[in-house]
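Q: Sending over protein.txt (compact mmCIF, C-alpha atoms).
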# COMPACT_ATOMS: atom_id res chain seq x y z
CA ASN A 1 -12.56 -11.43 -6.51
CA ILE A 2 -10.68 -14.23 -4.78
CA ASN A 3 -11.60 -13.10 -1.22
CA GLY A 4 -8.20 -14.01 0.24
CA ILE A 5 -5.42 -15.87 -1.53
CA GLN A 6 -4.15 -17.78 1.51
CA PRO A 7 -5.81 -21.14 0.67
CA TYR A 8 -4.22 -21.04 -2.79
CA ILE A 9 -0.66 -20.57 -1.52
CA GLN A 10 -0.64 -22.32 1.85
CA ARG A 11 1.14 -25.41 0.54
CA TYR A 12 3.97 -23.25 -0.85
CA ILE A 13 4.67 -21.32 2.36
CA GLN A 14 7.48 -22.69 4.50
CA LYS A 15 6.22 -24.08 7.79
CA PRO A 16 7.93 -23.39 11.13
CA ILE A 17 10.51 -26.05 11.95
CA ASN A 18 8.59 -27.27 15.02
CA SER A 19 5.52 -28.07 12.91
CA PHE A 20 7.35 -31.08 11.49
CA PHE A 21 7.60 -32.77 14.89
CA HIS A 22 3.88 -33.06 15.65
CA PRO A 23 2.51 -36.43 14.52
CA LYS A 24 -0.58 -36.29 12.35
CA SER A 25 -3.68 -38.34 12.99
CA ASN A 26 -5.08 -40.61 10.32
CA GLU A 27 -8.04 -38.24 10.03
CA SER A 28 -5.84 -35.22 9.28
CA ARG A 29 -3.86 -37.21 6.70
CA ASP A 30 -7.09 -38.18 4.99
CA ARG A 31 -8.20 -34.55 4.84
CA GLU A 32 -4.94 -33.58 3.15
CA THR A 33 -4.85 -36.38 0.60
CA LYS A 34 -8.53 -37.12 -0.05
CA PRO A 35 -10.58 -33.95 -0.47
CA GLY A 36 -14.32 -34.48 -0.52
CA ILE A 37 -16.14 -34.66 -3.81
CA ASN A 38 -17.78 -31.27 -3.19
CA THR A 39 -14.69 -29.59 -1.78
CA PRO A 40 -13.59 -26.63 -3.97
CA THR A 41 -9.99 -26.91 -5.12
CA ALA A 42 -7.54 -24.10 -4.39
CA ASP A 43 -5.17 -24.38 -7.34
CA LEU A 44 -4.34 -21.29 -9.39
CA ARG A 45 -2.22 -23.19 -11.91
CA ALA A 46 -5.06 -25.63 -12.57
CA PHE A 47 -7.45 -22.71 -13.02
CA LEU A 48 -5.16 -21.11 -15.61
CA GLY A 49 -4.86 -24.38 -17.52
CA ARG A 50 -8.59 -25.08 -17.36
CA HIS A 51 -9.26 -21.74 -19.02
CA GLY A 52 -6.75 -22.07 -21.82
CA TRP A 53 -3.80 -20.15 -20.35
CA PRO A 54 -5.24 -16.61 -20.61
CA GLN A 55 -2.81 -13.77 -21.24
CA MET A 56 -3.97 -12.11 -18.02
CA LEU A 57 -5.73 -13.23 -14.85
CA PHE A 58 -6.77 -10.46 -12.46
CA LEU A 59 -7.22 -11.21 -8.77
CA ASN A 60 -9.07 -8.84 -6.43
CA GLU A 61 -8.96 -8.80 -2.65
CA VAL A 62 -5.86 -10.99 -2.29
CA LYS A 63 -5.42 -9.91 1.35
CA ILE A 64 -1.61 -9.97 1.44
CA ALA A 65 0.28 -7.58 3.71
CA PRO A 66 2.78 -5.45 1.75
CA SER A 67 5.57 -6.65 4.05
CA ASP A 68 4.71 -10.34 3.50
CA THR A 69 7.24 -11.16 0.81
CA GLN A 70 6.95 -14.87 1.57
CA ALA A 71 3.30 -14.86 0.53
CA GLN A 72 4.12 -12.91 -2.62
CA ARG A 73 6.81 -15.43 -3.56
CA ALA A 74 4.34 -18.23 -2.87
CA VAL A 75 1.93 -16.74 -5.42
CA HIS A 76 4.68 -16.85 -8.06
CA THR A 77 5.27 -20.49 -7.18
CA ALA A 78 1.57 -21.36 -7.25
CA ILE A 79 0.99 -20.00 -10.75
CA ASN A 80 3.93 -21.75 -12.37
CA PRO A 81 4.71 -25.43 -13.06
CA GLN A 82 6.51 -27.22 -10.26
CA ASN A 83 8.34 -29.46 -12.71
CA PRO A 84 10.22 -27.45 -15.38
CA LYS A 85 10.76 -30.57 -17.49
CA HIS A 86 7.02 -31.15 -17.60
CA ARG A 87 6.45 -27.53 -18.64
CA LEU A 88 8.88 -27.82 -21.52
CA ALA A 89 7.42 -31.12 -22.63
CA ALA A 90 3.85 -29.81 -22.47
CA ASN A 91 4.77 -26.39 -23.91
CA GLU A 92 2.92 -24.67 -21.07
CA PRO A 93 3.41 -20.94 -20.41
CA THR A 94 4.79 -19.31 -17.28
CA TYR A 95 3.37 -16.30 -15.44
CA THR A 96 4.56 -13.38 -13.33
CA ALA A 97 2.44 -11.80 -10.57
CA HIS A 98 2.36 -8.02 -10.17
CA PHE A 99 0.94 -6.73 -6.88
CA ASN A 100 -0.66 -3.56 -5.60
CA LEU A 101 -0.99 -3.96 -1.83
CA PRO A 102 -2.34 -1.46 0.73
CA THR A 103 -0.02 1.12 2.25
CA ASP A 104 -2.63 3.59 3.56
CA PRO A 105 -1.75 4.13 7.26
CA TYR A 106 -5.32 5.03 8.30
CA ASN A 107 -7.79 3.25 6.00
CA ALA A 108 -6.20 -0.14 5.35
CA THR A 109 -4.75 -1.33 8.65
CA GLY A 110 -6.99 -4.19 9.77
CA PHE A 111 -5.78 -7.78 10.13
CA GLY A 112 -2.13 -6.70 9.97
CA ARG A 113 -2.77 -5.00 6.60
CA ARG A 114 -4.10 -8.25 5.16
CA VAL A 115 -6.97 -6.39 3.53
CA HIS A 116 -7.89 -5.38 -0.01
CA GLY A 117 -4.99 -5.73 -2.48
CA ILE A 118 -4.90 -6.91 -6.08
CA ALA A 119 -2.61 -9.01 -8.26
CA SER A 120 -2.26 -9.14 -12.02
CA LEU A 121 -0.99 -12.48 -13.33
CA ILE A 122 0.51 -11.91 -16.77
CA ARG A 123 1.81 -14.55 -19.16
CA ASP A 124 5.53 -14.11 -19.62
CA ASP A 125 5.53 -14.64 -23.40
CA PHE A 126 2.77 -12.06 -23.82
CA ALA A 127 4.54 -9.60 -21.52
CA ALA A 128 7.86 -9.96 -23.31
CA SER A 129 6.32 -9.02 -26.65
CA PHE A 130 3.68 -6.47 -25.75
CA VAL A 131 3.69 -5.13 -22.18
CA GLN A 132 5.58 -1.87 -21.84
CA ARG A 133 5.06 -1.43 -18.12
CA VAL A 134 2.85 -2.31 -15.16
CA ARG A 135 2.15 0.57 -12.80
CA ASN A 136 0.06 1.61 -9.84
CA VAL A 137 -1.58 5.05 -9.55
CA ASP A 138 -0.51 7.72 -7.10
CA TRP A 139 -4.05 8.46 -5.87
CA ASP A 140 -4.69 4.95 -4.51
CA ALA A 141 -3.00 3.64 -1.36
CA GLU A 142 -5.50 0.88 -0.56
CA GLY A 143 -4.24 -1.63 -3.15
CA ARG A 144 -7.09 -1.17 -5.60
CA ILE A 145 -5.83 -0.01 -9.01
CA GLN A 146 -3.17 -1.34 -11.37
CA VAL A 147 -2.55 -0.45 -15.01
CA ILE A 148 -0.99 -2.75 -17.62
CA GLU A 149 0.19 -0.74 -20.62
CA ALA A 150 0.44 -2.89 -23.74
CA HIS A 151 1.66 -1.76 -27.14
CA PHE A 152 0.82 -3.89 -30.16
CA PRO A 153 3.17 -3.49 -33.14
CA ILE A 154 0.93 -2.09 -35.86
CA PRO A 155 2.75 0.63 -37.81
CA SER A 156 1.27 4.14 -37.93
CA SER A 157 -1.66 3.34 -35.66
CA SER A 158 -2.31 4.96 -32.29
CA SER A 159 -5.02 2.37 -31.61
CA SER A 160 -2.34 -0.26 -31.03
CA LYS A 161 -1.95 1.02 -27.46
CA VAL A 162 -4.18 -0.65 -24.87
CA ALA A 163 -4.31 0.29 -21.16
CA ILE A 164 -5.78 -2.56 -19.11
CA PHE A 165 -6.94 -1.58 -15.62
CA ASN A 166 -7.21 -4.21 -12.89
CA VAL A 167 -9.58 -2.60 -10.38
CA TYR A 168 -11.12 -3.44 -7.02
CA LEU A 169 -13.35 -0.44 -6.40
CA VAL A 170 -14.45 0.73 -2.97
CA ASN A 171 -17.51 -0.84 -1.36
CA GLY A 172 -19.66 2.07 -0.24
CA THR A 173 -20.50 2.04 3.48
CA SER A 174 -21.23 4.60 6.19
CA TYR A 175 -17.89 3.89 7.90
CA ALA A 176 -15.53 6.84 8.21
CA TYR A 177 -12.94 7.57 5.55
CA LYS A 178 -9.80 9.26 6.85
CA SER A 179 -7.23 11.40 5.14
CA PRO A 180 -4.29 9.13 4.21
CA LYS A 181 -1.96 11.99 5.18
CA THR A 182 -3.38 13.22 8.51
CA GLY A 183 -5.84 10.59 9.69
CA ALA A 184 -8.61 13.18 10.02
CA VAL A 185 -12.10 11.98 9.10
CA ILE A 186 -13.03 13.59 5.77
CA GLY A 187 -16.16 11.65 4.85
CA THR A 188 -17.58 8.14 4.58
CA ARG A 189 -16.64 5.15 2.47
CA HIS A 190 -19.53 6.18 0.20
CA ASP A 191 -17.80 9.52 -0.37
CA ARG A 192 -14.50 7.78 -1.05
CA LYS A 193 -16.16 5.40 -3.49
CA ARG A 194 -17.48 8.27 -5.59
CA GLU A 195 -14.11 10.04 -5.41
CA VAL A 196 -12.40 6.88 -6.72
CA HIS A 197 -14.94 6.83 -9.57
CA ARG A 198 -13.92 10.40 -10.42
CA LEU A 199 -10.19 9.72 -10.22
CA LEU A 200 -10.43 6.54 -12.30
CA GLN A 201 -12.49 8.35 -14.93
CA GLN A 202 -9.89 11.12 -15.00
CA GLU A 203 -7.02 8.61 -15.36
CA CYS A 204 -8.77 6.80 -18.22
CA ARG A 205 -9.80 9.97 -20.00
CA ALA A 206 -6.23 11.29 -19.98
CA MET A 207 -4.98 8.07 -21.57
CA MET A 208 -7.79 7.96 -24.14
CA ARG A 209 -6.89 11.48 -25.22
CA GLU A 210 -3.38 10.20 -25.91
CA GLY A 211 -4.72 7.47 -28.19
CA TRP A 212 -5.03 4.57 -25.76
CA GLU A 213 -7.85 2.05 -25.87
CA VAL A 214 -9.00 1.17 -22.35
CA VAL A 215 -10.12 -1.96 -20.50
CA ILE A 216 -11.45 -1.72 -16.92
CA ALA A 217 -11.87 -5.14 -15.29
CA GLY A 218 -12.70 -6.17 -11.75
CA ASP A 219 -15.07 -5.93 -8.82
CA VAL A 220 -16.66 -2.48 -9.10
CA ASN A 221 -19.08 -2.96 -6.18
CA VAL A 222 -21.99 -1.65 -8.25
CA ALA A 223 -24.89 -3.59 -9.76
CA ARG A 224 -25.94 -1.51 -12.76
CA SER A 225 -29.66 -2.23 -13.19
CA GLU A 226 -32.63 -4.40 -12.24
CA LEU A 227 -31.18 -7.11 -14.49
CA ASP A 228 -28.09 -7.28 -12.29
CA GLY A 229 -29.60 -8.09 -8.90
CA TRP A 230 -31.58 -11.10 -7.71
CA PRO A 231 -34.18 -11.24 -6.32
CA ARG A 232 -34.06 -7.44 -6.49
CA LEU A 233 -31.64 -4.56 -6.96
CA ARG A 234 -30.31 -2.96 -3.80
CA VAL A 235 -31.83 0.51 -3.35
CA TRP A 236 -31.39 1.10 0.39
CA PRO A 237 -29.68 2.94 1.96
CA GLU A 238 -30.10 5.69 -0.63
CA GLU A 239 -26.31 6.11 -0.89
CA HIS A 240 -26.22 2.92 -2.98
CA VAL A 241 -28.53 4.57 -5.52
CA LEU A 242 -26.28 7.64 -5.61
CA ASN A 243 -23.19 5.46 -6.06
CA ARG A 244 -24.87 3.64 -8.97
CA GLN A 245 -25.90 6.88 -10.64
CA ASP A 246 -22.41 8.31 -10.26
CA PHE A 247 -20.85 5.14 -11.72
CA GLU A 248 -23.19 5.17 -14.73
CA ARG A 249 -22.63 8.87 -15.38
CA ARG A 250 -18.86 8.61 -15.30
CA PHE A 251 -18.15 5.41 -17.23
CA PHE A 252 -21.00 5.03 -19.71
CA ASP A 253 -22.94 7.23 -22.15
CA GLU A 254 -22.10 10.89 -21.43
CA GLY A 255 -18.99 9.91 -19.45
CA LEU A 256 -16.24 7.77 -20.96
CA GLY A 257 -18.72 5.99 -23.23
CA LEU A 258 -17.43 2.53 -22.32
CA VAL A 259 -19.13 -0.73 -23.26
CA ASP A 260 -20.23 -3.31 -20.68
CA SER A 261 -18.86 -6.41 -22.43
CA PHE A 262 -21.34 -8.86 -20.90
CA ARG A 263 -24.35 -6.69 -21.81
CA TRP A 264 -23.00 -6.10 -25.32
CA MET A 265 -22.79 -9.84 -25.98
CA HIS A 266 -25.87 -11.03 -24.09
CA ASP A 267 -28.29 -8.09 -24.09
CA ALA A 268 -30.97 -8.69 -21.42
CA ARG A 269 -29.74 -12.09 -20.22
CA ARG A 270 -29.44 -12.35 -16.48
CA GLY A 271 -26.05 -13.32 -15.11
CA TYR A 272 -24.39 -12.77 -11.75
CA THR A 273 -20.88 -12.73 -10.30
CA TYR A 274 -21.48 -12.38 -6.54
CA TYR A 275 -22.86 -15.48 -4.83
CA PRO A 276 -22.63 -15.12 -1.02
CA ARG A 277 -21.63 -18.33 0.71
CA SER A 278 -24.15 -17.70 3.50
CA ARG A 279 -27.07 -18.16 1.09
CA GLU A 280 -28.26 -21.06 -1.02
CA TRP A 281 -26.66 -20.92 -4.47
CA GLY A 282 -28.72 -18.65 -6.74
CA SER A 283 -31.12 -17.39 -4.07
CA SER A 284 -29.38 -14.01 -3.70
CA CYS A 285 -26.81 -12.75 -6.20
CA ASP A 286 -25.58 -9.66 -8.04
CA ARG A 287 -23.49 -8.78 -11.08
CA VAL A 288 -20.93 -6.46 -9.51
CA ASP A 289 -17.83 -7.60 -11.43
CA LEU A 290 -17.52 -6.04 -14.88
CA ILE A 291 -15.17 -5.84 -17.84
CA MET A 292 -15.70 -2.50 -19.56
CA LEU A 293 -14.14 -1.63 -22.91
CA SER A 294 -13.58 1.51 -24.93
CA ARG A 295 -15.53 1.31 -28.17
CA GLY A 296 -12.49 0.84 -30.38
CA LEU A 297 -11.98 -2.58 -28.76
CA VAL A 298 -15.54 -3.74 -29.42
CA ASN A 299 -15.92 -3.34 -33.16
CA GLY A 300 -13.13 -1.11 -34.37
CA GLU A 301 -10.67 -1.10 -37.23
CA LEU A 302 -8.14 -3.16 -35.28
CA TRP A 303 -10.07 -4.94 -32.53
CA THR A 304 -13.24 -6.99 -32.16
CA LEU A 305 -14.91 -8.25 -29.00
CA LYS A 306 -15.29 -11.98 -29.71
CA LYS A 307 -16.52 -13.41 -26.41
CA ALA A 308 -17.61 -12.22 -22.97
CA ASP A 309 -19.24 -14.32 -20.29
CA ILE A 310 -19.39 -15.38 -16.65
CA PHE A 311 -18.29 -18.76 -15.26
CA GLU A 312 -21.40 -19.26 -13.11
CA THR A 313 -20.88 -22.52 -11.24
CA PRO A 314 -20.12 -23.43 -7.63
CA GLN A 315 -16.87 -25.03 -8.83
CA GLU A 316 -15.68 -21.78 -10.40
CA ARG A 317 -16.66 -19.84 -7.29
CA GLY A 318 -14.20 -22.06 -5.44
CA LEU A 319 -13.49 -20.78 -1.95
CA SER A 320 -14.58 -17.22 -2.73
CA ASP A 321 -18.00 -15.57 -2.88
CA HIS A 322 -17.51 -14.37 -6.46
CA VAL A 323 -17.28 -16.27 -9.74
CA PRO A 324 -14.87 -15.32 -12.56
CA LEU A 325 -15.75 -13.56 -15.81
CA PHE A 326 -13.77 -13.08 -19.01
CA VAL A 327 -13.46 -11.38 -22.38
CA GLU A 328 -11.70 -12.40 -25.58
CA LEU A 329 -10.53 -9.66 -27.92
CA ASP A 330 -9.41 -10.33 -31.48
CA LEU A 331 -6.68 -8.14 -32.99
CA HIS A 332 -7.27 -8.30 -36.73
CA ALA A 333 -5.62 -5.26 -38.42
CA LYS A 334 -7.61 -4.83 -41.62
CA ASN A 335 -4.55 -3.60 -43.49
CA ASN A 336 -2.80 -6.93 -42.82
CA LYS A 337 0.24 -5.19 -41.33
CA LEU A 338 -0.01 -7.08 -38.06
CA GLN A 339 3.48 -8.04 -36.85
CA ASN A 340 4.80 -10.63 -34.42
CA ILE A 341 1.41 -11.47 -32.89
CA SER A 342 1.72 -15.19 -33.63
CA LYS A 343 4.93 -15.35 -31.58
CA CYS A 344 2.98 -15.63 -28.35
CA HIS A 345 -0.49 -16.72 -29.47
CA ALA A 346 -1.97 -13.35 -28.49
CA VAL A 347 -4.94 -13.64 -30.84
CA PRO A 348 -7.42 -13.68 -29.28
CA LEU A 349 -6.38 -11.73 -26.18
CA LYS A 350 -8.09 -13.34 -23.19
CA ILE A 351 -8.52 -11.51 -19.89
CA VAL A 352 -10.08 -13.29 -16.88
Could you spell out this file's structure in structure tokens?
A:
Amino acid sequence: NINGIQPYIQRYIQKPINSFFHPKSNESRDRETKPGINTPTADLRAFLGRHGWPQMLFLNEVKIAPSDTQAQRAVHTAINPQNPKHRLAANEPTYTAHFNLPTDPYNATGFGRRVHGIASLIRDDFAASFVQRVRNVDWDAEGRIQVIEAHFPIPSSSSSKVAIFNVYLVNGTSYAYKSPKTGAVIGTRHDRKREVHRLLQQECRAMMREGWEVVIAGDVNVARSELDGWPRLRVWPEEHVLNRQDFERRFFDEGLGLVDSFRWMHDARRGYTYYPRSREWGSSCDRVDLIMLSRGLVNGELWTLKKADIFETPQERGLSDHVPLFVELDLHAKNNKLQNISKCHAVPLKIV
């Protein structure tokens, strides 16, 4: 959860012509050229490089208006090398950003529609070989769900299909939720949160029945257990307990039977992804960002979960109030019929 992408693209957005005629003070020049030692850097390209050029980087809460094409172009610029010659010399990959931005006329209108929204940054070499399509879902108009459908070339195997969901699930509150069609109040944001749980479960289940493995990654706005909240798990108002129970029932155990990748790798270790900037680091935090996997991706015939962790440092939090997390999946076809994978270094598959 990047909590607004503006700081990461500001330098790439064209300034009004009159801004060039205002002289800058020495102090403002110093701020631009000499960031303080503790100042978080807002550089998406540097982040991608620092983490080994992952095949996918998912951003939640980008806060871009759907009509703001300049900001969307600036994201493409920010995630790619500014010097093509340097890229070729360094053999660095390029990326394309795919957006789902809010269009709901009644529930996502604040700040000129600069609310919610997600972006999936996908490596171009990986996409060219494996991604069949990137799509949004017809039951979400708040810019919360995107599906990357990837097909890995393993003959006679339905498990080669992987649907990767970039999600920014609803934060349950008592605020009104309105019908996207009529504007009539039909419940609260708590009600909408649980309805999104149901619809996402339904979407995933339909794909799993067709032979797809599933990844769900993003800010789910649920801390699962006592291990996932510090100093304590949120239990009031009671709606938060109901939201947690609904989430558990739909996505784990008797529901979709997904695996929480961090818990699978680290058992009872405490780790958190939400670190509010208003509190001292580590004094109040929650694990509300998850990467959940269908079981065939964890220890199946074709896939193995190799790594899963959280980048828990103030530097990685950057200008947001969340830190990143990641998984690495290894495609290892036991029958040795794996084809073309080495073309784009897709083993392991890293999702951040």
Q: Report the closest atom pair, with its distance in Å rounded to one decimal, for each residue of stretch 280-340 of chain A that has an atom no farther than 12 Å from stretch 164-182 of chain A; count all atoms listed in the file, sort by chain and then rising residue number, and write it as a Markdown table.
A:
| residue | atom | partner | partner_atom | distance |
| --- | --- | --- | --- | --- |
| A:Val288 | CA | A:Leu169 | CA | 10.2 |
| A:Asp289 | CA | A:Tyr168 | CA | 9.0 |
| A:Leu290 | CA | A:Val167 | CA | 9.8 |
| A:Ile291 | CA | A:Asn166 | CA | 9.5 |
| A:Met292 | CA | A:Phe165 | CA | 9.6 |
| A:Leu293 | CA | A:Ile164 | CA | 9.2 |
| A:Ser294 | CA | A:Ile164 | CA | 10.5 |
| A:Leu297 | CA | A:Ile164 | CA | 11.5 |
Q: Residues near A:Ala71, anyone? I mean within 10 Å using all atoms listed in the file, not counting same-chain ones fewer than 5 positions away, as a list of chain:residue names.
A: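 Within the cut-off, the hits are A:Ile5, A:Gln6, A:Ile9, A:Gln10, A:Tyr12, A:Ile13, A:Gln14, A:Ile64, A:Ala65, A:Pro66, A:His76, A:Thr77.
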Q: For atom CA of A:Ala127 and atom CA of A:Ala217, quote the distance in Å rounded to one decimal.
A: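 Straight-line distance from atom CA of A:Ala127 to atom CA of A:Ala217 works out to 18.1 Å.
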Q: Please provide the set of residues having any atom within 10 Å of A:Arg123, restricted to all atoms listed in the file, with same-chain residues fewer than 5 positions apart removed, written as number ranges by chain.
A: A: 53-57, 93-97, 128, 344
Q: Set the distance at 6 Å and use all atoms listed in the file: which residues neighbour A:Phe326 once local chain neighbours fewer than 4 positions away are removed? I'd like the list as a PyMOL selection string.
A: chain A and resi 308-309+351-352
Q: Take the selection from the previous step and output its residues with C-alpha atoms, as a short mmCIF file (atom, residue, chain, number, x, y, z; two decimals), keeping the file's coordinate frame.
A:
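Listed below is the output, again_14.cif:
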data_model
loop_
_atom_site.label_atom_id
_atom_site.label_comp_id
_atom_site.auth_asym_id
_atom_site.auth_seq_id
_atom_site.Cartn_x
_atom_site.Cartn_y
_atom_site.Cartn_z
CA ALA A 308 -17.61 -12.22 -22.97
CA ASP A 309 -19.24 -14.32 -20.29
CA ILE A 351 -8.52 -11.51 -19.89
CA VAL A 352 -10.08 -13.29 -16.88
#
Q: Fewer than 5 positions away in the same chain doesn't count, so skip those; otherwise give me all residues within 7 Å of A:Glu61, counting all atoms listed in the file, as a list of chain:residue names.
A: A:Asn1, A:Ile2, A:Asn3, A:Gly4, A:Val115, A:His116, A:Gly117, A:Ile118
